[in-house]
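Enquirer: My structure file final.cif, mmCIF, C-alpha atoms, is below:
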data_input
#
loop_
_atom_site.label_atom_id
_atom_site.label_comp_id
_atom_site.auth_asym_id
_atom_site.auth_seq_id
_atom_site.Cartn_x
_atom_site.Cartn_y
_atom_site.Cartn_z
CA MET A 1 -1.73 -244.72 -158.91
CA SER A 2 -0.06 -244.80 -155.49
CA HIS A 3 -1.71 -246.32 -152.45
CA ALA A 4 -2.01 -242.87 -150.85
CA ALA A 5 -3.73 -241.36 -153.89
CA ALA A 6 -6.12 -244.30 -154.25
CA ASN A 7 -7.19 -244.30 -150.61
CA THR A 8 -8.38 -241.18 -148.80
CA ALA A 9 -7.53 -242.62 -145.38
CA PHE A 10 -4.11 -244.16 -144.91
CA GLY A 11 -1.72 -244.84 -142.07
CA ILE A 12 1.23 -242.91 -140.75
CA GLY A 13 3.78 -245.22 -142.40
CA THR A 14 2.23 -244.69 -145.82
CA LEU A 15 2.03 -240.94 -145.24
CA ALA A 16 5.68 -240.75 -144.20
CA LYS A 17 6.81 -242.86 -147.16
CA GLN A 18 4.79 -240.83 -149.67
CA ALA A 19 6.24 -237.57 -148.29
CA GLY A 20 9.78 -238.94 -148.08
CA CYS A 21 10.23 -238.61 -144.34
CA GLN A 22 10.26 -240.67 -141.17
CA VAL A 23 7.24 -241.58 -139.05
CA GLN A 24 8.83 -239.69 -136.13
CA THR A 25 8.90 -236.56 -138.30
CA VAL A 26 5.15 -236.82 -138.91
CA ARG A 27 4.53 -237.18 -135.18
CA TYR A 28 6.78 -234.22 -134.45
CA TYR A 29 5.02 -231.97 -136.97
CA GLU A 30 1.67 -232.98 -135.45
CA GLN A 31 2.99 -232.28 -131.95
CA ILE A 32 4.16 -228.74 -132.84
CA GLY A 33 1.00 -227.97 -134.80
CA LEU A 34 2.32 -227.87 -138.37
CA LEU A 35 0.09 -230.83 -139.19
CA PRO A 36 -3.45 -231.12 -137.87
CA PRO A 37 -4.13 -233.91 -135.38
CA ALA A 38 -4.84 -237.13 -137.22
CA THR A 39 -8.22 -238.76 -137.11
CA ARG A 40 -8.23 -242.19 -135.51
CA ASN A 41 -9.84 -245.41 -136.66
CA ALA A 42 -11.64 -247.91 -134.42
CA GLY A 43 -8.27 -249.45 -133.51
CA ASN A 44 -7.00 -245.97 -132.46
CA GLN A 45 -4.53 -245.85 -135.37
CA ARG A 46 -3.81 -242.51 -136.99
CA ARG A 47 -5.50 -241.99 -140.37
CA TYR A 48 -4.51 -239.35 -142.90
CA ASP A 49 -5.95 -237.96 -146.10
CA ASN A 50 -4.49 -236.48 -149.28
CA ALA A 51 -4.76 -232.92 -147.92
CA THR A 52 -2.45 -233.89 -145.06
CA LEU A 53 -0.05 -235.50 -147.53
CA ARG A 54 0.03 -232.27 -149.57
CA ARG A 55 0.63 -230.23 -146.39
CA LEU A 56 3.41 -232.56 -145.23
CA THR A 57 5.03 -232.40 -148.68
CA PHE A 58 4.92 -228.60 -148.50
CA ILE A 59 6.56 -228.70 -145.06
CA ARG A 60 9.26 -231.12 -146.23
CA HIS A 61 10.09 -229.00 -149.29
CA ALA A 62 10.22 -225.81 -147.22
CA ARG A 63 12.50 -227.51 -144.66
CA ASP A 64 14.68 -228.86 -147.50
CA PHE A 65 15.14 -225.23 -148.56
CA GLY A 66 16.28 -224.50 -145.01
CA PHE A 67 13.29 -222.48 -143.85
CA SER A 68 12.92 -222.45 -140.07
CA VAL A 69 9.93 -224.12 -138.44
CA GLU A 70 8.49 -220.70 -137.64
CA ALA A 71 8.90 -219.53 -141.26
CA VAL A 72 7.20 -222.75 -142.42
CA ARG A 73 4.36 -222.05 -139.97
CA GLU A 74 3.95 -218.56 -141.46
CA LEU A 75 4.08 -219.87 -145.03
CA LEU A 76 1.52 -222.55 -144.23
CA GLY A 77 -0.76 -219.89 -142.79
CA MET A 78 -0.54 -218.03 -146.08
CA ALA A 79 -1.01 -221.22 -148.12
CA ASP A 80 -4.21 -221.81 -146.13
CA HIS A 81 -5.52 -218.48 -147.50
CA PRO A 82 -4.74 -218.67 -151.23
CA ASN A 83 -6.53 -215.42 -152.15
CA MET A 84 -4.40 -213.17 -149.96
CA PRO A 85 -1.44 -211.27 -151.46
CA CYS A 86 1.93 -212.97 -151.32
CA ASP A 87 3.91 -209.93 -150.12
CA HIS A 88 4.68 -211.50 -146.78
CA ALA A 89 5.84 -214.74 -148.45
CA ASP A 90 8.26 -212.62 -150.49
CA ILE A 91 9.56 -210.99 -147.32
CA ILE A 92 10.07 -214.39 -145.65
CA ALA A 93 11.89 -215.78 -148.70
CA LYS A 94 14.10 -212.68 -149.06
CA ARG A 95 14.98 -212.78 -145.36
CA HIS A 96 15.90 -216.45 -145.70
CA LEU A 97 17.97 -215.71 -148.81
CA ASP A 98 19.90 -213.07 -146.85
CA GLU A 99 20.56 -215.63 -144.11
CA VAL A 100 21.73 -218.21 -146.67
CA GLU A 101 24.06 -215.71 -148.33
CA ALA A 102 25.54 -214.74 -144.94
CA ARG A 103 26.02 -218.41 -144.10
CA ILE A 104 27.75 -219.00 -147.45
CA GLU A 105 30.06 -216.06 -146.73
CA ARG A 106 30.94 -217.50 -143.30
CA LEU A 107 31.48 -220.95 -144.78
CA SER A 108 33.71 -219.52 -147.51
CA ALA A 109 35.83 -217.82 -144.86
CA LEU A 110 35.97 -221.09 -142.93
CA ARG A 111 37.00 -222.99 -146.08
CA ASP A 112 39.73 -220.47 -146.84
CA GLU A 113 41.07 -220.64 -143.28
CA LEU A 114 41.06 -224.44 -143.31
CA LYS A 115 42.89 -224.48 -146.66
CA ARG A 116 45.50 -222.08 -145.25
CA MET A 117 45.95 -224.17 -142.12
CA VAL A 118 46.33 -227.39 -144.10
CA ALA A 119 48.73 -225.78 -146.58
CA GLN A 120 50.92 -224.46 -143.76
CA CYS A 121 51.08 -227.78 -141.94
CA ALA A 122 54.49 -229.33 -142.55
CA GLY A 123 53.37 -232.78 -141.46
CA GLY A 124 55.96 -232.88 -138.66
CA ARG A 125 55.29 -233.23 -134.95
CA VAL A 126 52.19 -231.95 -133.17
CA ASP A 127 54.19 -229.31 -131.27
CA GLU A 128 55.08 -227.81 -134.70
CA CYS A 129 51.66 -228.34 -136.27
CA ARG A 130 50.14 -225.19 -137.75
CA ILE A 131 46.64 -226.62 -137.48
CA VAL A 132 46.94 -227.23 -133.73
CA GLU A 133 48.65 -223.84 -133.33
CA VAL A 134 45.85 -221.90 -135.07
CA LEU A 135 43.13 -223.83 -133.25
CA SER A 136 44.88 -223.06 -129.94
CA ASP A 137 45.11 -219.31 -130.64
CA HIS A 138 42.18 -217.82 -132.55
CA GLN A 139 44.10 -214.55 -133.03
CA GLN A 140 46.15 -216.37 -135.68
CA CYS A 141 43.08 -216.89 -137.88
CA LEU A 142 42.99 -214.58 -140.88
CA HIS A 143 39.24 -214.08 -140.72
CA ALA A 144 39.39 -213.22 -137.00
CA ALA A 145 41.20 -209.94 -137.70
CA GLY A 146 38.12 -208.32 -139.21
CA HIS A 147 35.91 -209.37 -136.31
CA GLY A 148 37.94 -208.24 -133.32
CA GLY A 149 39.14 -211.80 -132.86
CA GLN A 150 35.59 -213.05 -132.46
CA GLN A 151 34.59 -216.23 -134.24
CA THR A 152 31.57 -215.65 -136.48
CA ILE A 153 31.37 -219.04 -138.15
CA ARG A 154 28.65 -221.27 -136.75
#
Show me the file's structure as structure tokens.
Expert:
Amino acid sequence: MSHAAANTAFGIGTLAKQAGCQVQTVRYYEQIGLLPPATRNAGNQRRYDNATLRRLTFIRHARDFGFSVEAVRELLGMADHPNMPCDHADIIAKRHLDEVEARIERLSALRDELKRMVAQCAGGRVDECRIVEVLSDHQQCLHAAGHGGQQTIR
């Protein structure tokens, strides 16, 4: 049994280690209200319980999936009310999936453009370098043509 599971009140270092994050991350999540304020012992050290560890683990997993802090806040609000319907959680996850798919599409276009630039580079002098040329004039990018020359990759 881990130290955190055996003891209902443990320190911030143990909490961070058990959740697989840094102490600064715990402090940040407390500061922005994703984690409740820690209780303090007589020495004014933060003390945490297993419920906080479960909440922090939830936050870490959601962030690993790329959910925004605000989406995590919404999901936590729903997790705090387990008897409510999960329709809104579905909406949040579907919205995030759409964002991920759009990001993948932009990254694929970026990959293709980089491959093209590298393939066209003759390895000569910089003044003849296709990579420098394309980076200097965005109109030469293949994916720019469909966006009015505007860069959409972030």
Enquirer: Show me a table, sorted first by chain and then by increasing residue number, of the residues of region 9-90 of chain A having an atom at most 12 Å from region 96-101 of chain A, each with its shortest atom pair and the distance in Å to one decimal, counting all atoms listed in the file and written as a tab-separated table.
Expert:
residue	atom	partner	partner_atom	distance
A:Ala62	CA	A:His96	CA	11.1
A:Arg63	CA	A:His96	CA	11.6
A:Phe65	CA	A:His96	CA	9.3
A:Gly66	CA	A:His96	CA	8.1
A:Phe67	CA	A:His96	CA	6.8
A:Ser68	CA	A:His96	CA	8.8
A:Glu70	CA	A:His96	CA	11.7
A:Ala71	CA	A:His96	CA	8.8
A:Val72	CA	A:His96	CA	11.2
A:Ala89	CA	A:His96	CA	10.6
A:Asp90	CA	A:His96	CA	9.8
Enquirer: Residues within 12 Å of region 76-79 of chain A, please, as a list in words. Count all atoms listed in the file; anything in the same chain fewer than 3 positions from it doesn't count.
Expert: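 My list of contacting residues is Gly33, Leu34, Leu35, Pro36, Arg54, Arg55, Leu56, Thr57, Phe58, Ile59, Arg60, His61, Ala62, Phe67, Val69, Glu70, Ala71, Val72, Arg73, Pro82, Asn83, Met84, Pro85, Cys86, Asp87, His88, Ala89, Asp90 and Ile92 of chain A.
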Enquirer: Would you write out, as a PyMOL selection string, every residue that the PyMOL selection byres ((chain A and resi 47-50) around 12) captures in this file?
Expert: chain A and resi 2-16+18-19+26+30+35-46+51-57
Enquirer: May I have the selected residues written with C-alpha atoms, as a CSV table (one decimal), in the coordinates of the input?
Expert:
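Listing of part-v7.csv after writing:
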chain,number,residue,atom,x,y,z
A,2,SER,CA,-0.1,-244.8,-155.5
A,3,HIS,CA,-1.7,-246.3,-152.4
A,4,ALA,CA,-2.0,-242.9,-150.8
A,5,ALA,CA,-3.7,-241.4,-153.9
A,6,ALA,CA,-6.1,-244.3,-154.2
A,7,ASN,CA,-7.2,-244.3,-150.6
A,8,THR,CA,-8.4,-241.2,-148.8
A,9,ALA,CA,-7.5,-242.6,-145.4
A,10,PHE,CA,-4.1,-244.2,-144.9
A,11,GLY,CA,-1.7,-244.8,-142.1
A,12,ILE,CA,1.2,-242.9,-140.8
A,13,GLY,CA,3.8,-245.2,-142.4
A,14,THR,CA,2.2,-244.7,-145.8
A,15,LEU,CA,2.0,-240.9,-145.2
A,16,ALA,CA,5.7,-240.8,-144.2
A,18,GLN,CA,4.8,-240.8,-149.7
A,19,ALA,CA,6.2,-237.6,-148.3
A,26,VAL,CA,5.2,-236.8,-138.9
A,30,GLU,CA,1.7,-233.0,-135.4
A,35,LEU,CA,0.1,-230.8,-139.2
A,36,PRO,CA,-3.4,-231.1,-137.9
A,37,PRO,CA,-4.1,-233.9,-135.4
A,38,ALA,CA,-4.8,-237.1,-137.2
A,39,THR,CA,-8.2,-238.8,-137.1
A,40,ARG,CA,-8.2,-242.2,-135.5
A,41,ASN,CA,-9.8,-245.4,-136.7
A,42,ALA,CA,-11.6,-247.9,-134.4
A,43,GLY,CA,-8.3,-249.4,-133.5
A,44,ASN,CA,-7.0,-246.0,-132.5
A,45,GLN,CA,-4.5,-245.8,-135.4
A,46,ARG,CA,-3.8,-242.5,-137.0
A,51,ALA,CA,-4.8,-232.9,-147.9
A,52,THR,CA,-2.4,-233.9,-145.1
A,53,LEU,CA,0.0,-235.5,-147.5
A,54,ARG,CA,0.0,-232.3,-149.6
A,55,ARG,CA,0.6,-230.2,-146.4
A,56,LEU,CA,3.4,-232.6,-145.2
A,57,THR,CA,5.0,-232.4,-148.7
Enquirer: Could you check which of A:Glu113, A:Gln24, A:Arg106, A:Ala122 is closest to Val134 (chain A), using all atoms listed in the file?
Expert: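 Answer, going by the shortest atom-to-atom distance: A:Glu113.
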Enquirer: Just the number, please: distance in Å from CA of Ser136 (chain A) to CA of Ser108 (chain A), one decimal.
Expert: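 Atom-to-atom, CA of Ser136 (chain A) and CA of Ser108 (chain A) are spaced 21.1 Å apart.
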